[in-house]
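Structure file start28.cif (mmCIF, C-alpha atoms and all ligand atoms) follows.
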data_query
loop_
_atom_site.label_atom_id
_atom_site.label_comp_id
_atom_site.auth_asym_id
_atom_site.auth_seq_id
_atom_site.Cartn_x
_atom_site.Cartn_y
_atom_site.Cartn_z
CA MET A 569 47.15 7.69 106.59
CA PHE A 570 47.18 4.63 104.32
CA ARG A 571 48.12 2.41 107.29
CA LYS A 572 45.19 3.78 109.28
CA ILE A 573 42.71 3.05 106.52
CA LEU A 574 44.16 -0.43 106.11
CA LEU A 575 43.93 -1.12 109.85
CA ALA A 576 40.35 0.14 109.93
CA LEU A 577 39.45 -2.14 107.01
CA VAL A 578 41.08 -5.15 108.67
CA GLY A 579 39.23 -4.26 111.88
CA ILE A 580 35.89 -4.14 110.05
CA LEU A 581 36.63 -7.45 108.32
CA VAL A 582 37.48 -9.15 111.61
CA LEU A 583 34.30 -7.74 113.18
CA VAL A 584 32.17 -9.03 110.28
CA LEU A 585 33.75 -12.47 110.58
CA VAL A 586 33.21 -12.58 114.34
CA VAL A 587 29.56 -11.56 113.97
CA PHE A 588 29.05 -14.14 111.18
CA ALA A 589 30.73 -16.88 113.24
CA ALA A 590 28.48 -16.03 116.19
CA PHE A 591 25.44 -16.07 113.87
CA VAL A 592 26.43 -19.50 112.53
CA ALA A 593 27.12 -20.84 116.03
CA THR A 594 23.75 -19.75 117.42
CA ARG A 595 21.95 -21.44 114.53
CA GLN A 596 23.40 -24.97 114.88
CA HIS A 597 20.56 -26.37 116.99
CA LEU A 598 17.45 -24.82 115.47
CA ARG A 599 14.25 -26.76 116.19
CA PHE A 600 11.01 -26.68 114.23
CA ASP A 601 7.50 -27.73 115.17
CA ALA A 602 5.96 -28.61 111.80
CA PRO A 603 2.60 -30.39 112.22
CA TYR A 604 2.52 -34.18 112.53
CA PRO A 605 0.55 -35.62 109.60
CA GLU A 606 -2.43 -37.68 110.78
CA VAL A 607 -0.93 -41.03 109.94
CA THR A 608 -1.60 -44.29 111.73
CA ALA A 609 0.12 -47.46 110.56
CA SER A 610 -2.28 -50.06 109.20
CA THR A 611 -1.95 -53.85 109.15
CA ASP A 612 -4.27 -54.17 106.14
CA SER A 613 -2.43 -56.40 103.66
CA ALA A 614 -3.24 -54.18 100.65
CA VAL A 615 -1.88 -51.10 102.44
CA VAL A 616 1.30 -52.92 103.51
CA ALA A 617 1.73 -54.27 99.94
CA ARG A 618 1.50 -50.74 98.51
CA GLY A 619 4.04 -49.58 101.11
CA HIS A 620 6.34 -52.43 100.15
CA TYR A 621 6.08 -51.42 96.48
CA VAL A 622 6.79 -47.74 97.19
CA VAL A 623 9.68 -48.44 99.60
CA ARG A 624 11.35 -51.23 97.60
CA ASN A 625 10.59 -50.39 93.98
CA VAL A 626 9.78 -46.73 93.46
CA ALA A 627 11.37 -44.66 96.25
CA ASN A 628 14.09 -47.27 96.81
CA CYS A 629 14.76 -46.39 100.45
CA ALA A 630 17.27 -49.28 100.61
CA GLN A 631 19.53 -47.50 98.14
CA CYS A 632 20.51 -45.28 101.10
CA HIS A 633 19.14 -47.02 104.21
CA GLY A 634 20.04 -50.61 103.25
CA ASP A 635 22.44 -52.76 105.30
CA THR A 636 25.88 -51.57 104.18
CA THR A 637 27.43 -55.04 104.58
CA GLN A 638 25.01 -56.36 101.94
CA TRP A 639 25.67 -53.77 99.23
CA VAL A 640 26.27 -56.37 96.50
CA ALA A 641 23.10 -58.32 97.33
CA ASN A 642 21.21 -55.02 97.57
CA GLN A 643 22.34 -54.00 94.06
CA ALA A 644 21.43 -57.46 92.78
CA GLY A 645 17.86 -56.96 93.98
CA ALA A 646 17.73 -58.70 97.38
CA GLU A 647 15.48 -56.95 99.88
CA VAL A 648 18.14 -56.25 102.49
CA PRO A 649 17.27 -54.90 105.96
CA LEU A 650 16.83 -51.13 106.16
CA SER A 651 19.27 -51.02 109.06
CA GLY A 652 21.15 -47.95 107.83
CA GLY A 653 24.72 -46.92 108.49
CA PHE A 654 25.74 -45.79 105.02
CA THR A 655 28.04 -42.75 105.28
CA TRP A 656 28.40 -39.96 102.78
CA VAL A 657 31.69 -38.10 103.16
CA ILE A 658 30.76 -34.92 101.31
CA PRO A 659 31.91 -31.27 101.56
CA PRO A 660 29.31 -30.44 104.31
CA GLY A 661 30.45 -33.36 106.50
CA SER A 662 30.02 -37.06 107.25
CA ILE A 663 26.33 -37.87 106.94
CA HIS A 664 24.87 -41.20 108.02
CA ALA A 665 21.69 -42.91 106.88
CA ARG A 666 19.41 -43.76 109.78
CA ASN A 667 18.30 -47.25 110.84
CA LEU A 668 14.68 -47.56 109.60
CA THR A 669 13.90 -50.91 111.21
CA PRO A 670 11.56 -50.97 114.23
CA ASP A 671 14.41 -51.52 116.74
CA GLU A 672 13.45 -49.62 119.92
CA GLU A 673 16.92 -48.38 120.74
CA THR A 674 18.65 -47.73 117.43
CA GLY A 675 15.84 -47.70 114.85
CA ILE A 676 12.43 -46.10 114.46
CA GLY A 677 10.76 -48.28 117.12
CA ARG A 678 10.26 -45.38 119.49
CA PHE A 679 9.25 -42.85 116.82
CA LYS A 680 5.51 -42.23 116.56
CA ASP A 681 3.90 -42.94 113.18
CA GLY A 682 3.34 -39.22 112.80
CA ALA A 683 7.03 -38.48 113.39
CA ILE A 684 8.13 -40.76 110.56
CA ALA A 685 5.48 -39.25 108.31
CA ARG A 686 6.57 -35.73 109.29
CA ALA A 687 10.20 -36.47 108.37
CA LEU A 688 9.09 -37.40 104.85
CA ARG A 689 6.42 -34.74 104.37
CA HIS A 690 7.86 -31.72 106.19
CA GLY A 691 11.58 -32.51 106.37
CA VAL A 692 11.59 -32.26 110.16
CA GLY A 693 13.29 -35.04 112.14
CA SER A 694 11.88 -36.72 115.22
CA ASP A 695 13.99 -34.32 117.32
CA GLY A 696 12.68 -31.22 115.51
CA ARG A 697 15.80 -30.73 113.35
CA ALA A 698 15.55 -29.60 109.73
CA LEU A 699 16.64 -32.75 107.87
CA LEU A 700 19.27 -32.52 105.17
CA PRO A 701 17.61 -32.60 101.75
CA PHE A 702 18.31 -36.24 100.88
CA MET A 703 14.67 -37.32 100.68
CA GLU A 704 12.73 -34.96 98.48
CA MET A 705 9.51 -36.95 98.80
CA GLN A 706 7.42 -34.23 100.47
CA GLY A 707 4.78 -34.71 97.77
CA LEU A 708 3.95 -38.35 98.63
CA SER A 709 0.18 -38.74 98.73
CA ASP A 710 -1.53 -39.16 102.11
CA GLU A 711 -2.33 -42.72 101.04
CA ASP A 712 1.32 -43.52 100.26
CA LEU A 713 2.55 -41.92 103.47
CA VAL A 714 0.33 -44.30 105.44
CA ALA A 715 1.46 -47.20 103.24
CA VAL A 716 5.17 -46.47 103.72
CA VAL A 717 4.89 -46.16 107.50
CA SER A 718 2.76 -49.33 107.62
CA TYR A 719 5.35 -51.31 105.65
CA LEU A 720 8.26 -50.02 107.77
CA ARG A 721 6.45 -51.31 110.87
CA THR A 722 6.35 -54.85 109.45
CA GLN A 723 10.15 -55.14 109.20
CA PRO A 724 12.05 -57.29 111.67
CA PRO A 725 13.96 -55.01 114.07
CA VAL A 726 17.73 -54.87 113.57
CA HIS A 727 19.97 -53.46 116.28
CA ASN A 728 22.42 -51.12 114.53
CA LEU A 729 23.53 -47.92 116.16
CA VAL A 730 24.23 -45.28 113.51
CA PRO A 731 26.55 -42.46 114.61
CA ALA A 732 25.41 -38.84 114.67
CA HIS A 733 26.43 -36.71 111.67
CA SER A 734 29.60 -34.65 111.93
CA TYR A 735 29.77 -31.38 110.04
CA THR A 736 32.62 -29.43 108.45
CA LEU A 737 32.83 -25.64 108.62
CA LEU A 738 30.95 -25.53 105.29
CA GLY A 739 28.31 -27.85 106.77
CA ASN A 740 27.89 -25.60 109.80
CA VAL A 741 27.52 -22.53 107.58
CA LEU A 742 24.99 -24.32 105.33
CA LYS A 743 22.99 -25.46 108.39
CA ALA A 744 22.82 -21.84 109.57
CA THR A 745 21.93 -20.40 106.16
CA MET A 746 20.83 -22.23 102.99
CA LEU A 747 19.72 -25.43 104.73
CA ALA A 748 18.45 -23.82 107.95
CA ASN A 749 14.78 -24.29 107.22
CA PRO A 750 13.04 -27.60 106.69
CA VAL A 751 11.61 -28.14 103.22
CA GLY A 752 7.90 -28.96 103.07
CA PRO A 753 5.71 -29.85 100.07
CA SER A 754 5.70 -27.36 97.17
CA GLU A 755 1.97 -27.99 96.60
CA THR A 756 -0.75 -29.77 98.56
CA PRO A 757 -0.05 -33.50 98.17
CA PRO A 758 -2.93 -35.58 96.80
CA GLN A 759 -4.96 -37.72 99.22
CA GLN A 760 -5.01 -40.69 96.87
CA SER A 761 -2.19 -41.75 94.56
CA PRO A 762 -2.88 -41.60 90.83
CA HIS A 763 -2.87 -44.92 88.98
CA GLY A 764 -2.67 -46.13 85.37
CA ALA A 765 -0.61 -45.55 82.24
CA ASN A 766 -1.24 -41.80 82.07
CA VAL A 767 0.68 -38.53 82.36
CA GLU A 768 -0.81 -37.65 85.75
CA ASN A 769 0.47 -40.86 87.33
CA GLY A 770 3.82 -40.41 85.53
CA ARG A 771 4.18 -36.92 86.90
CA TYR A 772 3.48 -38.14 90.43
CA LEU A 773 6.00 -40.98 90.22
CA VAL A 774 8.77 -39.01 88.49
CA GLU A 775 8.44 -35.80 90.51
CA LYS A 776 7.35 -36.99 93.96
CA VAL A 777 8.37 -40.61 94.52
CA ALA A 778 11.11 -41.93 92.19
CA LEU A 779 12.73 -38.48 91.99
CA CYS A 780 14.27 -39.02 88.54
CA TRP A 781 15.11 -35.30 88.33
CA ALA A 782 17.25 -35.53 91.48
CA CYS A 783 19.98 -37.43 89.60
CA HIS A 784 19.20 -36.46 86.01
CA THR A 785 19.71 -32.71 86.61
CA GLN A 786 23.08 -31.00 87.14
CA ARG A 787 23.70 -29.99 90.76
CA ASP A 788 26.18 -27.73 92.48
CA GLU A 789 28.78 -30.08 93.95
CA LYS A 790 29.11 -28.19 97.22
CA THR A 791 25.54 -27.28 98.08
CA GLY A 792 23.53 -29.81 96.07
CA ALA A 793 21.40 -27.03 94.55
CA LEU A 794 19.96 -27.81 91.08
CA VAL A 795 21.89 -25.70 88.58
CA GLY A 796 21.17 -27.30 85.18
CA PRO A 797 18.00 -27.68 83.09
CA ARG A 798 15.67 -30.24 84.72
CA PHE A 799 16.06 -33.76 83.27
CA GLY A 800 18.87 -32.43 81.05
CA GLY A 801 21.40 -34.83 82.58
CA ALA A 802 24.35 -34.35 84.90
CA THR A 803 28.07 -34.98 85.03
CA ASN A 804 30.43 -35.90 87.86
CA PHE A 805 27.78 -37.74 89.89
CA ILE A 806 29.58 -39.61 92.64
CA GLU A 807 28.48 -42.99 93.96
CA PRO A 808 30.37 -43.26 97.26
CA ALA A 809 30.32 -47.08 97.17
CA ASP A 810 32.12 -47.05 93.81
CA PRO A 811 35.08 -44.62 94.07
CA LYS A 812 36.63 -45.76 90.75
CA HIS A 813 34.07 -43.98 88.60
CA THR A 814 32.04 -40.87 88.27
CA TRP A 815 28.68 -41.08 86.55
CA SER A 816 26.78 -38.96 84.08
CA PRO A 817 23.04 -39.64 84.36
CA PRO A 818 21.94 -38.91 80.77
CA ASN A 819 19.55 -36.30 79.46
CA ILE A 820 16.14 -38.07 79.68
CA THR A 821 14.11 -35.62 77.64
CA SER A 822 12.73 -36.22 74.14
CA ASP A 823 15.32 -33.95 72.46
CA SER A 824 17.59 -35.65 69.89
CA THR A 825 20.42 -35.36 72.46
CA GLY A 826 18.21 -37.07 75.06
CA ARG A 827 17.99 -40.79 75.82
CA LEU A 828 14.22 -40.81 75.39
CA SER A 829 14.49 -39.93 71.69
CA THR A 830 16.11 -43.33 71.06
CA LEU A 831 13.47 -45.37 72.92
CA SER A 832 9.89 -46.14 71.98
CA GLU A 833 7.44 -46.65 74.85
CA ASP A 834 7.88 -50.43 74.54
CA ASP A 835 11.69 -50.09 74.37
CA PHE A 836 11.58 -47.98 77.52
CA VAL A 837 9.64 -50.64 79.44
CA ALA A 838 11.99 -53.34 78.09
CA ARG A 839 15.08 -51.31 79.14
CA PHE A 840 13.74 -51.04 82.69
CA ARG A 841 12.99 -54.77 82.83
CA LEU A 842 16.68 -55.47 82.04
CA GLY A 843 17.73 -53.69 85.23
CA ARG A 844 21.31 -52.58 85.86
CA ILE A 845 23.62 -53.10 82.88
CA LEU A 846 26.62 -51.03 84.02
CA PRO A 847 27.90 -52.57 87.27
CA GLY A 848 27.94 -50.06 90.13
CA SER A 849 25.48 -47.67 88.47
CA PRO A 850 23.90 -45.58 91.23
CA MET A 851 20.50 -45.68 89.53
CA PRO A 852 18.35 -48.05 91.63
CA TRP A 853 17.60 -50.29 88.66
CA GLN A 854 16.96 -53.29 90.94
CA GLY A 855 13.85 -51.60 92.31
CA PHE A 856 12.76 -49.79 89.14
CA SER A 857 13.01 -53.00 87.07
CA ARG A 858 10.11 -54.41 89.11
CA MET A 859 7.81 -51.43 88.75
CA SER A 860 4.42 -52.21 87.27
CA GLU A 861 4.02 -51.94 83.52
CA ASP A 862 1.41 -49.18 83.91
CA ASP A 863 3.78 -47.15 86.07
CA LEU A 864 6.69 -47.50 83.59
CA ARG A 865 4.44 -46.47 80.71
CA ALA A 866 3.17 -43.54 82.78
CA ILE A 867 6.75 -42.41 83.42
CA TYR A 868 7.55 -42.57 79.71
CA LEU A 869 4.46 -40.56 78.82
CA TYR A 870 5.24 -37.89 81.40
CA LEU A 871 8.91 -37.53 80.39
CA ASN A 872 7.76 -37.21 76.76
CA SER A 873 5.38 -34.41 77.72
CA LEU A 874 8.21 -32.28 79.15
CA PRO A 875 10.04 -29.56 77.21
CA PRO A 876 12.97 -31.11 75.30
CA VAL A 877 16.41 -30.04 76.56
CA LYS A 878 19.41 -29.88 74.22
CA ARG A 879 22.37 -31.20 76.22
CA ASP A 880 24.71 -34.15 75.83
CA VAL A 881 26.54 -35.15 79.00
CA GLY A 882 28.75 -37.74 77.29
CA PRO A 883 29.38 -41.35 78.34
CA PRO A 884 27.40 -42.56 81.40
CA MET A 885 30.51 -43.76 83.27
CA VAL A 886 33.93 -42.10 83.48
CA ASP A 887 37.04 -43.66 85.12
CA VAL A 888 38.50 -41.59 87.95
CA LYS A 889 42.15 -40.94 87.10
C1 LIG A 901 19.18 -40.55 98.78
C2 LIG A 901 19.31 -41.25 100.05
C3 LIG A 901 18.06 -41.53 100.84
C4 LIG A 901 16.91 -42.16 100.41
C5 LIG A 901 16.59 -42.70 99.02
C6 LIG A 901 16.04 -42.23 101.55
N1 LIG A 901 16.64 -41.66 102.65
FE1 LIG A 901 15.85 -41.45 104.52
N2 LIG A 901 17.50 -40.46 105.14
C7 LIG A 901 18.63 -40.24 104.38
C8 LIG A 901 19.59 -39.48 105.17
C9 LIG A 901 20.99 -39.04 104.73
C10 LIG A 901 18.98 -39.24 106.42
C11 LIG A 901 19.54 -38.39 107.56
C12 LIG A 901 19.04 -36.96 107.36
C13 LIG A 901 19.38 -36.01 108.48
O1 LIG A 901 19.56 -36.50 109.61
O2 LIG A 901 19.45 -34.81 108.25
C14 LIG A 901 17.68 -39.89 106.36
C15 LIG A 901 16.79 -39.89 107.42
C16 LIG A 901 15.57 -40.57 107.43
C17 LIG A 901 14.68 -40.65 108.55
C18 LIG A 901 14.99 -40.15 109.94
C19 LIG A 901 14.40 -38.86 110.32
C20 LIG A 901 14.74 -38.55 111.74
O3 LIG A 901 13.82 -38.36 112.50
O4 LIG A 901 15.96 -38.48 112.08
C21 LIG A 901 13.57 -41.37 108.15
C22 LIG A 901 12.35 -41.73 108.97
C23 LIG A 901 13.80 -41.74 106.76
N3 LIG A 901 15.03 -41.24 106.35
C24 LIG A 901 12.92 -42.49 106.01
C25 LIG A 901 13.12 -42.81 104.67
C26 LIG A 901 12.18 -43.57 103.87
C27 LIG A 901 10.90 -44.17 104.40
C28 LIG A 901 12.68 -43.63 102.62
C29 LIG A 901 12.03 -44.22 101.37
C30 LIG A 901 10.63 -43.87 101.18
C31 LIG A 901 13.96 -42.94 102.63
N4 LIG A 901 14.20 -42.46 103.89
C32 LIG A 901 14.78 -42.79 101.52
C33 LIG A 901 18.84 -40.65 103.08
C34 LIG A 901 17.89 -41.24 102.26
C1 LIG A 902 20.27 -42.20 92.11
C2 LIG A 902 20.38 -41.56 90.83
C3 LIG A 902 19.37 -41.87 89.74
C4 LIG A 902 18.00 -41.88 89.83
C5 LIG A 902 17.13 -41.62 91.07
C6 LIG A 902 17.51 -42.15 88.52
N1 LIG A 902 18.54 -42.33 87.64
FE1 LIG A 902 18.41 -42.82 85.68
N2 LIG A 902 20.42 -43.00 85.56
C7 LIG A 902 21.30 -42.68 86.56
C8 LIG A 902 22.66 -42.94 86.09
C9 LIG A 902 23.93 -42.70 86.88
C10 LIG A 902 22.56 -43.41 84.77
C11 LIG A 902 23.70 -43.83 83.85
C12 LIG A 902 24.17 -45.21 84.20
C13 LIG A 902 23.21 -46.30 83.81
O1 LIG A 902 22.77 -46.32 82.64
O2 LIG A 902 22.87 -47.12 84.68
C14 LIG A 902 21.12 -43.46 84.48
C15 LIG A 902 20.59 -43.90 83.27
C16 LIG A 902 19.27 -43.77 82.91
C17 LIG A 902 18.73 -44.11 81.60
C18 LIG A 902 19.52 -44.61 80.40
C19 LIG A 902 19.69 -46.09 80.45
C20 LIG A 902 20.41 -46.63 79.24
O3 LIG A 902 20.47 -47.83 79.08
O4 LIG A 902 20.94 -45.83 78.45
C21 LIG A 902 17.39 -43.84 81.65
C22 LIG A 902 16.38 -44.01 80.51
C23 LIG A 902 17.09 -43.37 82.97
N3 LIG A 902 18.24 -43.34 83.72
C24 LIG A 902 15.83 -42.99 83.40
C25 LIG A 902 15.52 -42.72 84.74
C26 LIG A 902 14.17 -42.54 85.22
C27 LIG A 902 12.92 -42.54 84.36
C28 LIG A 902 14.25 -42.35 86.56
C29 LIG A 902 13.12 -42.20 87.56
C30 LIG A 902 12.10 -43.25 87.50
C31 LIG A 902 15.67 -42.38 86.92
N4 LIG A 902 16.39 -42.62 85.78
C32 LIG A 902 16.15 -42.23 88.20
C33 LIG A 902 20.99 -42.23 87.82
C34 LIG A 902 19.71 -42.15 88.36
#

As structure tokens:
Amino acid sequence: MFRKILLALVGILVLVLVVFAAFVATRQHLRFDAPYPEVTASTDSAVVARGHYVVRNVANCAQCHGDTTQWVANQAGAEVPLSGGFTWVIPPGSIHARNLTPDEETGIGRFKDGAIARALRHGVGSDGRALLPFMEMQGLSDEDLVAVVSYLRTQPPVHNLVPAHSYTLLGNVLKATMLANPVGPSETPPQQSPHGANVENGRYLVEKVALCWACHTQRDEKTGALVGPRFGGATNFIEPADPKHTWSPPNITSDSTGRLSTLSEDDFVARFRLGRILPGSPMPWQGFSRMSEDDLRAIYLYLNSLPPVKRDVGPPMVDVK
């Protein structure tokens, strides 16, 4: 009797696993037809200059898409080609950053303006895939979307073939479940970008472009889901180019345990102007250090307006034993 029940249970378990495996397998090549934003690259010098500022200083696309052979120069602030190739070896698989130069064969040369804009706004790749959530910039304003695409078009093309991603079993399961659907904007993005040393501009920069919360909030190591209080800091942040350390992006709220409580508005601007102090820090200080004074003040004002979080994540850099 007991054996029969056990066999039946094993049978059910096997059946469930087979059905789940089939479900996962059928969902590996899902395609989505999110709308193409109406974006046409401009050659207007003011538009290209704004795109340059967003790409190089605020969104820091080179942090991930920069030429991997020029990592040191990149960290030191040189504007290296966005020729891609950086590889993250993470639990879901080996993920490669695309070549964003206008090379026809290996870059974005053949992608329509709208396809590049759609990748950023709706998280859908040029081939209709749901992109992995590395670029949570869906809230870029219409104006900035045009500016970014316009700047990318001005780059010299670099021929660099980046391999396709390869996924682990976990990656395949995530692609079929949690990460199956592309992520679009959480609210209608503004047409124009805010400007000036004010909370509204700070909110836009912090939440939608510079993505300070993406590092300064604890995440689940396997899935990347945010699991801690926003801006409350994080531990065990891994910078793949620097395997000797893990990082703890500090709490950046105004609580007494937060970094903001120790900095006046002027101190905050001065700290950003200093750039990277801890060698290898994954924070893109090289770009942020050149942000406009108004934008840095706006960021400070916005962070100060957020609810304080009590949490101390300890020293910013920990040696890997
Ligand atoms: C945190 C790292 C990171 C940053 C910062 C980043 N990207 Fe990406 N980007 C990636 C990764 C990883 C992929 C591959 C995603 C995938 O294929 O699922 C990608 C893919 C892309 C694609 C290709 C979409 C397609 O059709 O395959 C475009 C276009 C792109 N990024 C543009 C940008 C621009 C523009 C910026 C700056 C405004 C930027 N990225 C910043 C990591 C990043
Ligand atoms: C790619 C991850 C990443 C992003 C994005 C990021 N940070 Fe950080 N941040 C870190 C890490 C890691 C540290 C700790 C190491 C260091 O101080 O460089 C840090 C440190 C800091 C510090 C403390 C510096 C000090 O001297 O004590 C402040 C303030 C800060 N970040 C603010 C911000 C703000 C504001 C933004 C958005 C504009 C932001 N960070 C975006 C990873 C990040």

(message) Show me which residues line ligand LIG 901 (chain A), defined as having an atom within 9 Å of a ligand atom where all atoms listed in the file count, and present them as a ChimeraX atom specification.
(response) /A:619,622-624,626-633,652,654-656,663-668,676,679,683-688,691-705,713,716-717,720,732-733,777-778

(request) Extract, using all atoms listed in the file, all DNA, RNA and protein residues at most 12 Å from Tyr719 of chain A, discarding same-chain residues fewer than 5 positions from it, and format them as a count of residues only. (result) 28

(request) Go ahead and find all residues with at least one atom no further than 8 Å from (27.8, -44.5, 85.8) in the file's coordinates, using only C-alpha atoms; report them as a list in words. (result) Phe805, His813, Thr814, Trp815, Ser816, Pro817, Leu846, Gly848, Ser849, Pro850, Pro884, Met885 and Val886 of chain A

Let me know the centre plus edge lengths, in Å and rounded to one decimal, of a box with edges along x, y and z that contains all listed atoms of ligand LIG 902 (chain A) and is padded by 6 Å on every side, as AutoDock Vina command-line options.
--center_x 18.1 --center_y -44.7 --center_z 85.3 --size_x 24.1 --size_y 18.3 --size_z 25.7

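When all atoms listed in the file are used to measure the gap to Gly764 of chain A, the shortest distance among A:Asp887, A:Glu606, A:Asp862, A:Glu647 belongs to A:Asp862.
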
(request) Tell me, in Å to one decimal, how far atom CA of Ala744 of chain A is from atom CA of Ala590 of chain A. (result) 10.5 Å

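Among A:Leu869, A:Val726, A:Leu581, A:Ile820, the residue with the shortest atom-to-atom distance to ligand LIG 902 (chain A), counting all atoms listed in the file, is A:Ile820.
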
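The residue that comes closest to ligand LIG 902 (chain A), out of A:Ser873, A:Asn625, A:Ser761, A:Asn766 and on the basis of all atoms listed in the file, is A:Asn625.
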
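Distances here use all atoms listed in the file; by that measure, the residue among A:Leu737, A:Thr722, A:Ala715, A:Val774 closest to Gln760 of chain A is A:Ala715.
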
(message) For a quick check of understanding, using only C-alpha atoms, which of A:Ile806, A:Lys790, A:Val607, A:Glu775 has the smallest distance to Asp710 of chain A?
(response) A:Val607
